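Raw contents of upload.txt, compact mmCIF, C-alpha atoms and all ligand atoms:
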```txt
# COMPACT_ATOMS: atom_id res chain seq x y z
CA MET C 12 136.92 160.56 102.16
CA ASN C 13 138.55 163.54 103.83
CA LEU C 14 136.43 166.66 103.46
CA TYR C 15 138.94 169.06 104.90
CA THR C 16 142.36 170.56 104.14
CA SER C 17 145.25 169.68 106.45
CA HIS C 18 144.91 173.15 108.02
CA GLN C 19 141.22 172.56 108.76
CA ASN C 20 141.99 169.10 110.15
CA LYS C 21 144.57 170.69 112.44
CA ILE C 22 141.99 173.17 113.78
CA ILE C 23 139.45 170.37 114.26
CA GLY C 24 142.09 168.39 116.21
CA SER C 25 142.81 171.41 118.36
CA ILE C 26 139.07 172.02 119.07
CA ASP C 27 138.66 168.35 119.91
CA GLN C 28 141.56 168.48 122.36
CA ALA C 29 140.37 171.70 124.02
CA VAL C 30 136.81 170.37 124.33
CA THR C 31 138.09 167.12 125.88
CA ASN C 32 140.00 169.16 128.46
CA LEU C 33 136.97 171.17 129.56
CA ALA C 34 135.55 170.18 132.94
CA GLN C 35 131.99 170.73 131.67
CA ILE C 36 130.07 172.32 128.82
CA HIS C 37 126.87 173.90 130.07
CA PRO C 38 123.88 173.46 127.74
CA LEU C 39 121.92 176.61 126.82
CA ASP C 40 119.06 177.25 129.23
CA ASN C 41 115.55 176.64 127.89
CA SER C 42 114.58 180.22 127.20
CA TYR C 43 117.90 181.17 125.60
CA TYR C 44 117.90 177.94 123.54
CA ALA C 45 114.46 178.76 122.10
CA GLN C 46 115.65 182.29 121.23
CA CYS C 47 118.89 181.09 119.56
CA LEU C 48 117.06 178.43 117.55
CA GLU C 49 114.66 180.97 116.04
CA ILE C 50 117.44 183.50 115.23
CA PHE C 51 119.51 180.69 113.68
CA GLU C 52 116.56 179.50 111.57
CA ALA C 53 115.65 183.06 110.54
CA ASN C 54 119.16 183.40 109.09
CA SER C 55 119.13 180.09 107.26
CA ASP C 56 117.33 178.94 104.11
CA GLN C 57 117.29 175.35 105.35
CA ARG C 58 113.80 175.38 106.83
CA LEU C 59 112.30 176.66 103.58
CA GLY C 60 114.09 173.95 101.60
CA LEU C 61 112.88 171.25 103.98
CA LEU C 62 109.31 172.52 104.04
CA GLY C 63 109.14 172.67 100.25
CA TRP C 64 110.38 169.08 100.01
CA LEU C 65 108.03 167.78 102.71
CA GLU C 66 105.00 169.50 101.20
CA ALA C 67 105.67 168.16 97.70
CA ASN C 68 106.83 164.66 98.61
CA ILE C 69 105.06 163.74 101.83
CA VAL C 70 101.98 165.83 102.64
CA ALA C 71 100.80 165.95 99.01
CA ASN C 72 100.84 162.13 98.89
CA MET C 73 98.95 161.51 102.13
CA SER C 74 95.28 160.51 102.19
CA GLN C 75 92.87 163.41 101.82
CA ASP C 76 90.71 161.97 104.55
CA ALA C 77 91.86 161.99 108.21
CA ASN C 78 95.47 161.94 109.36
CA ALA C 79 97.28 161.89 112.69
CA ILE C 80 100.67 163.58 112.71
CA LEU C 81 103.27 163.48 115.50
CA SER C 82 106.17 165.92 115.69
CA VAL C 83 108.89 164.78 118.10
CA GLY C 84 110.94 167.67 119.55
CA CYS C 85 108.57 170.15 117.94
CA GLY C 86 110.17 173.22 119.52
CA THR C 87 108.14 176.41 119.17
CA GLY C 88 106.02 175.10 116.28
CA ALA C 89 107.58 177.45 113.72
CA PHE C 90 108.16 174.43 111.46
CA ASP C 91 105.00 172.50 112.34
CA GLU C 92 102.66 175.43 111.72
CA CYS C 93 103.63 175.27 108.02
CA ILE C 94 103.21 171.48 107.86
CA LEU C 95 99.79 171.87 109.50
CA GLU C 96 98.82 174.55 106.96
CA TYR C 97 99.72 172.25 104.06
CA ALA C 98 97.86 169.37 105.73
CA ARG C 99 94.61 171.18 106.49
CA ALA C 100 94.49 172.60 102.98
CA ARG C 101 94.07 169.08 101.61
CA MET C 102 92.76 166.83 104.42
CA LYS C 103 89.27 166.55 105.87
CA ARG C 104 90.61 166.08 109.38
CA VAL C 105 94.04 166.52 110.99
CA THR C 106 95.15 165.56 114.50
CA TYR C 107 98.54 167.10 115.26
CA LEU C 108 100.51 166.19 118.39
CA GLY C 109 103.82 167.75 119.45
CA ILE C 110 106.20 166.28 122.03
CA GLU C 111 108.55 168.80 123.58
CA PRO C 112 110.35 168.81 126.98
CA ASN C 113 111.32 172.52 126.87
CA GLU C 114 108.39 174.24 128.64
CA ILE C 115 109.04 177.60 126.97
CA SER C 116 109.02 176.07 123.48
CA ALA C 117 106.02 173.84 124.27
CA ALA C 118 103.98 176.85 125.43
CA GLU C 119 104.89 178.70 122.23
CA PHE C 120 103.98 175.62 120.18
CA SER C 121 100.47 175.64 121.71
CA GLN C 122 100.06 179.36 121.08
CA THR C 123 101.24 179.14 117.46
CA MET C 124 99.40 175.97 116.53
CA ASP C 125 96.15 176.75 118.36
CA LYS C 126 95.53 179.53 115.82
CA GLN C 127 94.75 176.77 113.32
CA ALA C 128 92.64 174.63 115.70
CA SER C 129 89.05 174.10 114.56
CA ALA C 130 86.48 171.33 114.14
CA GLN C 131 88.75 170.11 111.32
CA VAL C 132 92.06 170.43 113.20
CA ASP C 133 92.91 169.09 116.63
CA VAL C 134 96.25 170.24 118.11
CA SER C 135 97.94 169.23 121.36
CA VAL C 136 101.38 169.10 122.92
CA LEU C 137 102.92 166.83 125.56
CA LEU C 138 105.50 168.54 127.77
CA GLN C 139 107.60 165.40 127.93
CA LYS C 140 110.62 163.68 126.47
CA PHE C 141 109.92 161.25 123.66
CA GLY C 142 109.87 157.73 125.10
CA GLU C 143 107.83 158.65 128.17
CA GLN C 144 104.67 157.61 126.28
CA VAL C 145 103.57 154.34 124.70
CA PHE C 146 102.04 154.57 121.23
CA GLU C 147 101.01 151.75 118.95
CA ASN C 148 99.67 152.00 115.39
CA GLU C 149 98.44 155.55 115.98
CA PHE C 150 100.10 157.94 113.52
CA ASP C 151 100.12 158.38 109.74
CA LEU C 152 103.23 160.56 109.86
CA ILE C 153 105.95 161.00 112.48
CA LEU C 154 108.46 163.81 112.12
CA PHE C 155 111.81 164.14 113.86
CA ILE C 156 112.94 167.53 112.57
CA HIS C 157 116.46 168.05 113.94
CA SER C 158 115.50 166.49 117.25
CA ILE C 159 116.97 162.99 117.21
CA TYR C 160 120.41 164.27 118.31
CA TYR C 161 118.98 165.20 121.70
CA LEU C 162 117.44 161.85 122.60
CA GLU C 163 119.20 159.58 125.02
CA ASP C 164 118.74 156.33 123.09
CA ARG C 165 118.19 157.06 119.43
CA ASN C 166 117.95 153.39 118.41
CA ASP C 167 115.10 152.85 120.87
CA ALA C 168 113.46 156.10 119.71
CA ILE C 169 113.39 154.98 116.06
CA ASP C 170 112.01 151.57 117.05
CA ALA C 171 109.34 153.24 119.22
CA ALA C 172 108.43 155.64 116.39
CA LEU C 173 107.99 152.76 113.93
CA LYS C 174 105.77 150.99 116.46
CA ALA C 175 103.75 154.20 116.87
CA LEU C 176 103.04 154.41 113.13
CA LYS C 177 99.98 152.84 111.51
CA PRO C 178 100.85 150.29 108.82
CA GLY C 179 101.65 152.33 105.70
CA GLY C 180 102.53 155.37 107.84
CA GLU C 181 105.78 157.21 107.28
CA LEU C 182 108.68 158.12 109.55
CA ILE C 183 110.68 161.19 108.55
CA ILE C 184 114.01 161.90 110.23
CA VAL C 185 115.68 165.17 109.34
CA ILE C 186 119.28 165.14 110.50
CA ALA C 187 122.57 166.83 109.68
CA PRO C 188 125.50 165.00 108.12
CA ASP C 189 128.74 165.35 110.09
CA GLU C 190 130.03 167.96 107.67
CA GLU C 191 130.77 171.66 107.41
CA LEU C 192 129.01 173.69 110.12
CA ASN C 193 127.88 170.53 111.91
CA THR C 194 131.43 169.33 112.54
CA VAL C 195 131.93 171.85 115.36
CA ALA C 196 128.54 171.10 116.88
CA ASN C 197 129.45 167.43 116.86
CA LEU C 198 132.65 167.97 118.85
CA MET C 199 130.82 170.04 121.45
CA TRP C 200 127.81 167.73 121.75
CA GLN C 201 129.87 164.59 122.22
CA ARG C 202 131.45 166.16 125.26
CA GLN C 203 128.22 167.76 126.51
CA MET C 204 126.08 164.63 126.21
CA GLU C 205 128.84 162.24 127.25
CA GLN C 206 127.97 160.00 124.33
CA ASN C 207 128.58 160.14 120.59
CA SER C 208 126.18 162.44 118.85
CA TRP C 209 124.11 161.10 115.97
CA PHE C 210 124.41 162.22 112.39
CA SER C 211 123.17 160.90 109.05
CA ASP C 212 125.54 157.90 109.04
CA ASP C 213 124.02 156.68 112.29
CA VAL C 214 120.44 156.78 110.99
CA ARG C 215 121.56 154.92 107.87
CA ALA C 216 123.35 152.33 110.03
CA HIS C 217 120.23 151.86 112.18
CA PHE C 218 117.91 151.30 109.22
CA ASP C 219 120.44 148.95 107.60
CA ALA C 220 120.87 146.96 110.83
CA ARG C 221 117.09 146.53 111.15
CA GLY C 222 116.81 145.55 107.46
CA LEU C 223 114.34 148.40 106.83
CA VAL C 224 113.64 149.89 103.41
CA TYR C 225 114.25 153.65 103.38
CA SER C 226 115.26 156.49 101.11
CA GLU C 227 117.34 159.57 101.74
CA THR C 228 117.53 163.02 100.18
CA ARG C 229 120.20 165.67 100.66
CA VAL C 230 119.00 169.29 100.83
CA SER C 231 121.74 171.91 100.63
CA ALA C 232 121.36 175.03 102.72
CA ASN C 233 123.22 178.15 103.78
CA LEU C 234 123.35 180.11 106.98
CA ASN C 235 123.74 183.87 106.60
CA ALA C 236 126.89 184.37 108.69
CA LYS C 237 127.62 188.04 108.18
CA GLU C 238 126.92 188.77 111.86
CA CYS C 239 128.96 185.87 113.22
CA PHE C 240 132.40 187.38 112.74
CA GLY C 241 134.10 190.67 113.61
CA GLU C 242 132.09 193.06 115.73
CA SER C 243 129.55 190.93 117.48
CA THR C 244 125.86 191.70 117.48
CA GLU C 245 123.26 189.96 119.61
CA ALA C 246 122.02 188.00 116.59
CA GLY C 247 125.61 186.99 115.71
CA ARG C 248 126.17 185.75 119.28
CA ASN C 249 122.86 183.82 119.23
CA ILE C 250 123.84 182.09 116.00
CA VAL C 251 127.32 181.12 117.22
CA ASP C 252 125.92 179.97 120.59
CA PHE C 253 123.42 177.79 118.74
CA ILE C 254 126.19 176.35 116.55
CA VAL C 255 128.27 175.41 119.61
CA GLN C 256 125.21 174.68 121.80
CA THR C 257 126.72 176.59 124.70
CA ARG C 258 127.57 180.22 125.56
CA ALA C 259 130.64 180.75 123.38
CA ASP C 260 131.78 183.69 125.54
CA GLN C 261 132.22 181.27 128.45
CA LEU C 262 134.66 179.08 126.52
CA PRO C 263 138.44 179.52 126.87
CA THR C 264 139.81 182.13 124.44
CA GLY C 265 141.97 179.64 122.51
CA LEU C 266 138.99 177.35 121.89
CA ARG C 267 136.82 180.29 120.86
CA ASN C 268 139.46 181.44 118.40
CA ASP C 269 139.80 177.92 116.95
CA ILE C 270 136.02 177.68 116.48
CA SER C 271 136.00 181.08 114.80
CA ASP C 272 138.97 180.10 112.54
CA PHE C 273 137.26 176.87 111.52
CA LEU C 274 133.96 178.61 110.76
CA MET C 275 135.86 181.27 108.76
CA SER C 276 137.61 178.53 106.82
CA ILE C 277 134.31 177.02 105.63
CA THR C 278 132.68 180.40 104.96
CA GLN C 279 131.63 181.18 101.42
CA GLY C 280 131.02 184.61 99.88
CA GLN C 281 131.85 187.98 101.33
CA GLY C 282 130.22 190.93 103.10
CA ALA C 283 126.42 190.68 103.16
CA ALA C 284 126.67 187.39 101.21
CA THR C 285 128.91 185.68 103.81
CA CYS C 286 127.40 182.27 104.45
CA LEU C 287 128.13 178.95 106.11
CA PRO C 288 126.97 175.79 104.35
CA HIS C 289 124.92 173.43 106.50
CA PRO C 290 123.50 170.62 104.41
CA VAL C 291 120.78 168.38 105.81
CA ASP C 292 119.54 164.86 105.07
CA ILE C 293 115.94 163.64 105.04
CA PHE C 294 115.44 159.94 105.79
CA ARG C 295 112.08 158.48 104.88
CA CYS C 296 110.88 155.04 106.02
CA LYS C 297 107.42 153.60 105.43
CA LYS C 298 106.05 151.09 107.95
CA PRO C 299 105.17 147.93 106.03
C1 LIG O 1 116.81 171.82 117.06
S1 LIG O 1 115.31 171.82 117.92
C2 LIG O 1 114.17 171.49 116.61
C3 LIG O 1 112.82 172.06 116.87
C4 LIG O 1 111.81 171.91 115.71
N1 LIG O 1 111.61 170.52 115.35
C5 LIG O 1 112.26 172.72 114.53
O1 LIG O 1 112.71 172.12 113.54
O2 LIG O 1 112.18 173.94 114.58
C6 LIG O 1 115.32 170.28 118.82
C7 LIG O 1 114.17 170.15 119.80
O3 LIG O 1 114.22 168.84 120.40
C8 LIG O 1 113.79 168.99 121.75
N2 LIG O 1 114.22 167.84 122.56
C9 LIG O 1 115.33 167.73 123.33
N3 LIG O 1 115.34 166.54 123.97
C10 LIG O 1 114.21 165.88 123.60
C11 LIG O 1 113.63 164.63 123.96
N4 LIG O 1 114.26 163.78 124.80
N5 LIG O 1 112.45 164.27 123.41
C12 LIG O 1 111.82 165.11 122.54
N6 LIG O 1 112.32 166.32 122.17
C13 LIG O 1 113.49 166.72 122.70
C14 LIG O 1 114.45 170.30 122.17
O4 LIG O 1 113.88 170.83 123.35
C15 LIG O 1 114.25 171.15 120.93
O5 LIG O 1 113.06 171.90 120.98
```

Any chance you could give the structure as C-alpha cells?
Amino acid sequence: MNLYTSHQNKIIGSIDQAVTNLAQIHPLDNSYYAQCLEIFEANSDQRLGLLGWLEANIVANMSQDANAILSVGCGTGAFDECILEYARARMKRVTYLGIEPNEISAAEFSQTMDKQASAQVDVSVLLQKFGEQVFENEFDLILFIHSIYYLEDRNDAIDAALKALKPGGELIIVIAPDEELNTVANLMWQRQMEQNSWFSDDVRAHFDARGLVYSETRVSANLNAKECFGESTEAGRNIVDFIVQTRADQLPTGLRNDISDFLMSITQGQGAATCLPHPVDIFRCKKP
C-alpha cells in the first residue's frame, strides 16, 4: 500500500538521495538529546495516550502483591514515573529498574524516580546499554518505550528480554510504524546507524519468526507543530532536531528544505492547531 502522493514520494526520494550523499550524520549529544526529547514529548499527546492504555490494560491486570518492572532505555523517567505511580497505588511492593546509557538522562531518572522510593518501592538505574547484563526469570514486566530503535541487535534484545521475564511476565514494545512523521526519522537513522532502523513491521516479523503469541494496538497521536515552521523558536528547533535526530541547521540547505516540505505536506490543521500525526504501535507478548 502506498501511503503517499507522487509529490510526497518524490520528496522522500530526494531526502533519501541527499542523506545517502552525506559523509556523516552526527547524533545529538547526550544533554541536547535529553532536552529535545522532553520538548518533543511536551508538544505531543502520544505519551498520555500510551500511559492511559498501559495503566488500563497492563498495570491494572498485574498481581497486587510484589512486582519487578524493568524499563529499557528509560530516559529521564518522565514516562516511568507515571507507570510507577499507577503500580504503587495497587501493589504491595514494586521494584523498578531502569537501564539507560545516557548519563544525563540516567541521573535525571534517579532524581525523578527516587521521589517515590520508600519501604514499598525500590528504584534503581543501570548506566549501561541493554545487553551488558544477564537476567533470567527476574521481571514481571519489561518495557521498551521507544528505545528498541537505538539497540544494536534488536533480535537479540527481544530474546534477552523474554529470557529476563518470569513465566507469565509481559514484554511491552512501544514502537513507531514507518509512517507519517517517522518516515523522515527512518531515512536519517538508517544512514546514522549504518543499519536499517526498526519499525513496527520488524517487531511483528521477529515475533512471527519465533512463533510467539502477541497482540498489537495502534494508538494515534499528534505533535503540536506550530513552532516547527516559519520563524524558528528554540522549541521549534528542538522538535525538528528530535525528528531528524541531528542538528537540522547543520544539514545542507536543499535537504533541510525537502524535510520541511515533507513535514508541511503531512501537516494537519492550521495556526495554533497545526499538528503532525505520529501514530505508535504497542506490541504485547506474554512469556509462556
Ligand atoms: C526516545 S528515548 C525514550 C526514553 C523513554 N523510554 C521515554 O519514553 O521517555 C530512547 C532512549 O533509549 C536510550 N538508549 C539508546 N541506546 C540504548 C541502548 N543500547 N540500551 C538501552 N537504552 C538505550 C536513549 O539514551 C534514550 O534515552

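When all atoms listed in the file are used to compute distances to ligand LIG 1 (chain O), the closest of the residues C:Ile36, C:Ile186, C:Ala89, C:Leu137 turns out to be C:Ala89.
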
| message | Env of stretch 60-62 of chain C: 9 Å cut, atoms = only C-alpha atoms, seq-sep filter 3 positions within chain, self excluded. Answer as number ranges by chain. | response | C: 56-57, 65-67, 90, 93-94, 185, 230-232, 291, 293

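Relative to atom CA of C:Phe294, atom CA of C:Ser211 is found at 8.4 Å.
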
Give the residue list for ligand LIG 1 (chain O) at 10 Å, counting only C-alpha atoms and all ligand atoms, as a CSV table (one decimal) with C-alpha atoms, keeping the file's coordinate frame, sorted by chain and then by residue number.
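What follows is the written file pocket10.csv:
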```csv
chain,number,residue,atom,x,y,z
C,41,ASN,CA,115.6,176.6,127.9
C,44,TYR,CA,117.9,177.9,123.5
C,45,ALA,CA,114.5,178.8,122.1
C,47,CYS,CA,118.9,181.1,119.6
C,48,LEU,CA,117.1,178.4,117.6
C,49,GLU,CA,114.7,181.0,116.0
C,51,PHE,CA,119.5,180.7,113.7
C,52,GLU,CA,116.6,179.5,111.6
C,57,GLN,CA,117.3,175.4,105.4
C,58,ARG,CA,113.8,175.4,106.8
C,61,LEU,CA,112.9,171.2,104.0
C,82,SER,CA,106.2,165.9,115.7
C,83,VAL,CA,108.9,164.8,118.1
C,84,GLY,CA,110.9,167.7,119.6
C,85,CYS,CA,108.6,170.2,117.9
C,86,GLY,CA,110.2,173.2,119.5
C,87,THR,CA,108.1,176.4,119.2
C,88,GLY,CA,106.0,175.1,116.3
C,89,ALA,CA,107.6,177.4,113.7
C,90,PHE,CA,108.2,174.4,111.5
C,91,ASP,CA,105.0,172.5,112.3
C,109,GLY,CA,103.8,167.8,119.4
C,110,ILE,CA,106.2,166.3,122.0
C,111,GLU,CA,108.6,168.8,123.6
C,112,PRO,CA,110.4,168.8,127.0
C,113,ASN,CA,111.3,172.5,126.9
C,114,GLU,CA,108.4,174.2,128.6
C,115,ILE,CA,109.0,177.6,127.0
C,116,SER,CA,109.0,176.1,123.5
C,117,ALA,CA,106.0,173.8,124.3
C,120,PHE,CA,104.0,175.6,120.2
C,137,LEU,CA,102.9,166.8,125.6
C,138,LEU,CA,105.5,168.5,127.8
C,139,GLN,CA,107.6,165.4,127.9
C,140,LYS,CA,110.6,163.7,126.5
C,141,PHE,CA,109.9,161.2,123.7
C,142,GLY,CA,109.9,157.7,125.1
C,143,GLU,CA,107.8,158.6,128.2
C,154,LEU,CA,108.5,163.8,112.1
C,155,PHE,CA,111.8,164.1,113.9
C,156,ILE,CA,112.9,167.5,112.6
C,157,HIS,CA,116.5,168.0,113.9
C,158,SER,CA,115.5,166.5,117.2
C,159,ILE,CA,117.0,163.0,117.2
C,160,TYR,CA,120.4,164.3,118.3
C,161,TYR,CA,119.0,165.2,121.7
C,162,LEU,CA,117.4,161.8,122.6
C,163,GLU,CA,119.2,159.6,125.0
C,164,ASP,CA,118.7,156.3,123.1
C,165,ARG,CA,118.2,157.1,119.4
C,168,ALA,CA,113.5,156.1,119.7
C,185,VAL,CA,115.7,165.2,109.3
C,186,ILE,CA,119.3,165.1,110.5
C,253,PHE,CA,123.4,177.8,118.7
```

| Contacts of C:Thr106 within 10 Å, all atoms listed in the file, excl. fewer than 5 positions in-chain, as a PyMOL selection string | chain C and resi 77-81+95+98-99+128+131-135+150-151

| note | In terms of only C-alpha atoms, the residue from C:Ala53, C:Val105, C:Cys296, C:Val136 at minimal distance from C:Arg215 is C:Cys296

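If you measure from each of C:Asp76, C:Gln127, C:Glu92, C:Ser276 to C:Ser17 using only C-alpha atoms, the closest one turns out to be C:Ser276.
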
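Proximity of C:Cys286, C:Ala246, C:Asp292, C:Glu205 to C:Thr31, computed with only C-alpha atoms, is greatest for C:Glu205.
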
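In this structure, atom CA of C:Pro188 sits 14.7 Å away from atom CA of C:His217.
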
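Of note, atom CA of C:Asp272 and atom CA of C:Asp213 are spaced 27.8 Å apart.
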
| task | May I have the protein, DNA and RNA residues with any atom at most 8 Å from the point (104.4, 152.3, 122.7), counting all atoms listed in the file, written as a PyMOL selection string? | result | chain C and resi 144-147+171+174-175

| field | Neighbours of point (114.7, 154.6, 109.2) within 10 Å, using all atoms listed in the file, written as JSON, numbers by chain | value | {"C": [166, 169, 170, 172, 173, 181, 182, 183, 184, 214, 215, 216, 217, 218, 219, 220, 221, 222, 223, 224, 225, 226, 227, 294, 295, 296, 297, 298]}

Saved selection, atoms kept: C-alpha atoms, as an mmCIF file, keeping the file's coordinate frame:
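Saved file out.cif follows:
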```
data_model
loop_
_atom_site.group_PDB
_atom_site.id
_atom_site.type_symbol
_atom_site.label_atom_id
_atom_site.label_comp_id
_atom_site.auth_asym_id
_atom_site.auth_seq_id
_atom_site.Cartn_x
_atom_site.Cartn_y
_atom_site.Cartn_z
ATOM 1 C CA ASN C 166 117.950 153.390 118.410
ATOM 2 C CA ILE C 169 113.390 154.980 116.060
ATOM 3 C CA ASP C 170 112.010 151.570 117.050
ATOM 4 C CA ALA C 172 108.430 155.640 116.390
ATOM 5 C CA LEU C 173 107.990 152.760 113.930
ATOM 6 C CA GLU C 181 105.780 157.210 107.280
ATOM 7 C CA LEU C 182 108.680 158.120 109.550
ATOM 8 C CA ILE C 183 110.680 161.190 108.550
ATOM 9 C CA ILE C 184 114.010 161.900 110.230
ATOM 10 C CA VAL C 214 120.440 156.780 110.990
ATOM 11 C CA ARG C 215 121.560 154.920 107.870
ATOM 12 C CA ALA C 216 123.350 152.330 110.030
ATOM 13 C CA HIS C 217 120.230 151.860 112.180
ATOM 14 C CA PHE C 218 117.910 151.300 109.220
ATOM 15 C CA ASP C 219 120.440 148.950 107.600
ATOM 16 C CA ALA C 220 120.870 146.960 110.830
ATOM 17 C CA ARG C 221 117.090 146.530 111.150
ATOM 18 C CA GLY C 222 116.810 145.550 107.460
ATOM 19 C CA LEU C 223 114.340 148.400 106.830
ATOM 20 C CA VAL C 224 113.640 149.890 103.410
ATOM 21 C CA TYR C 225 114.250 153.650 103.380
ATOM 22 C CA SER C 226 115.260 156.490 101.110
ATOM 23 C CA GLU C 227 117.340 159.570 101.740
ATOM 24 C CA PHE C 294 115.440 159.940 105.790
ATOM 25 C CA ARG C 295 112.080 158.480 104.880
ATOM 26 C CA CYS C 296 110.880 155.040 106.020
ATOM 27 C CA LYS C 297 107.420 153.600 105.430
ATOM 28 C CA LYS C 298 106.050 151.090 107.950
#
```

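Distances here use all atoms listed in the file; by that measure, the residue among C:Gln19, C:Asn249, C:Thr285, C:Thr278 closest to C:Gln46 is C:Asn249.
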
| request: For C:Pro263, list every protein, DNA or RNA residue within 12 Å, evaluated using only C-alpha atoms, and leave out those in the same chain fewer than 2 positions away; present the list as a VMD selection string. | output: chain C and resid 26 29 to 30 32 to 36 258 to 261 265 to 270

| message | At a cut-off of 12 Å, using all atoms listed in the file, what residues contact C:Asn193? Leave out same-chain residues fewer than 4 positions from it and give the result as JSON, numbers by chain. | response | {"C": [23, 157, 160, 186, 187, 188, 189, 197, 198, 199, 200, 208, 209, 210, 211, 234, 251, 253, 254, 255, 256, 270, 273, 274, 277, 287, 288, 289, 290, 291]}

| remark: Using all atoms listed in the file, the shortest atom-to-atom distance to C:Ser74 among C:Glu96, C:Asp40, C:Glu238, C:Met102 belongs to C:Met102

Once 8 Å is added on each side, what are the centre and the three edge lengths, in Å to one decimal, of the axis-aligned box enclosing the listed atoms of stretch 64-71 of chain C? Present them as JSON.
```
{"center_x": 105.6, "center_y": 166.6, "center_z": 100.2, "size_x": 25.6, "size_y": 21.8, "size_z": 21.0}
```

Hey, could you patch up stretch 115-135 of chain C with N, CA and C atoms and hand it over as a compact mmCIF listing (two decimals), in the frame of the given file?
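Output contents, as saved in rebuild_12.txt:
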```txt
# COMPACT_ATOMS: atom_id res chain seq x y z
N ILE C 115 109.22 176.31 127.66
CA ILE C 115 109.04 177.60 126.97
C ILE C 115 108.62 177.33 125.52
N SER C 116 109.34 176.39 124.87
CA SER C 116 109.02 176.07 123.48
C SER C 116 107.64 175.43 123.38
N ALA C 117 107.32 174.53 124.32
CA ALA C 117 106.02 173.84 124.27
C ALA C 117 104.87 174.84 124.38
N ALA C 118 105.03 175.84 125.26
CA ALA C 118 103.98 176.85 125.43
C ALA C 118 103.83 177.63 124.13
N GLU C 119 104.96 177.95 123.49
CA GLU C 119 104.89 178.70 122.23
C GLU C 119 104.27 177.85 121.12
N PHE C 120 104.57 176.54 121.16
CA PHE C 120 103.98 175.62 120.18
C PHE C 120 102.45 175.70 120.28
N SER C 121 101.94 175.61 121.52
CA SER C 121 100.47 175.64 121.71
C SER C 121 99.90 176.94 121.17
N GLN C 122 100.56 178.05 121.51
CA GLN C 122 100.06 179.36 121.08
C GLN C 122 100.02 179.47 119.55
N THR C 123 101.13 179.04 118.93
CA THR C 123 101.24 179.14 117.46
C THR C 123 100.24 178.22 116.77
N MET C 124 100.19 176.98 117.23
CA MET C 124 99.40 175.97 116.53
C MET C 124 97.90 176.13 116.80
N ASP C 125 97.56 176.62 118.01
CA ASP C 125 96.15 176.75 118.36
C ASP C 125 95.42 177.71 117.42
N LYS C 126 96.17 178.59 116.76
CA LYS C 126 95.53 179.53 115.82
C LYS C 126 94.86 178.77 114.67
N GLN C 127 95.33 177.54 114.43
CA GLN C 127 94.75 176.77 113.32
C GLN C 127 93.75 175.72 113.82
N ALA C 128 93.55 175.64 115.15
CA ALA C 128 92.64 174.63 115.70
C ALA C 128 91.20 174.95 115.30
N SER C 129 90.44 173.91 114.99
CA SER C 129 89.05 174.10 114.56
C SER C 129 88.37 172.74 114.66
N ALA C 130 87.14 172.64 114.14
CA ALA C 130 86.48 171.33 114.14
C ALA C 130 87.26 170.37 113.23
N GLN C 131 87.98 170.94 112.27
CA GLN C 131 88.75 170.11 111.32
C GLN C 131 90.13 169.73 111.89
N VAL C 132 90.67 170.60 112.74
CA VAL C 132 92.06 170.43 113.20
C VAL C 132 92.14 170.34 114.71
N ASP C 133 92.73 169.26 115.19
CA ASP C 133 92.91 169.09 116.63
C ASP C 133 94.42 169.16 116.93
N VAL C 134 94.81 170.08 117.82
CA VAL C 134 96.25 170.24 118.11
C VAL C 134 96.49 170.03 119.59
N SER C 135 97.56 169.33 119.95
CA SER C 135 97.94 169.23 121.36
C SER C 135 99.44 169.04 121.48
```
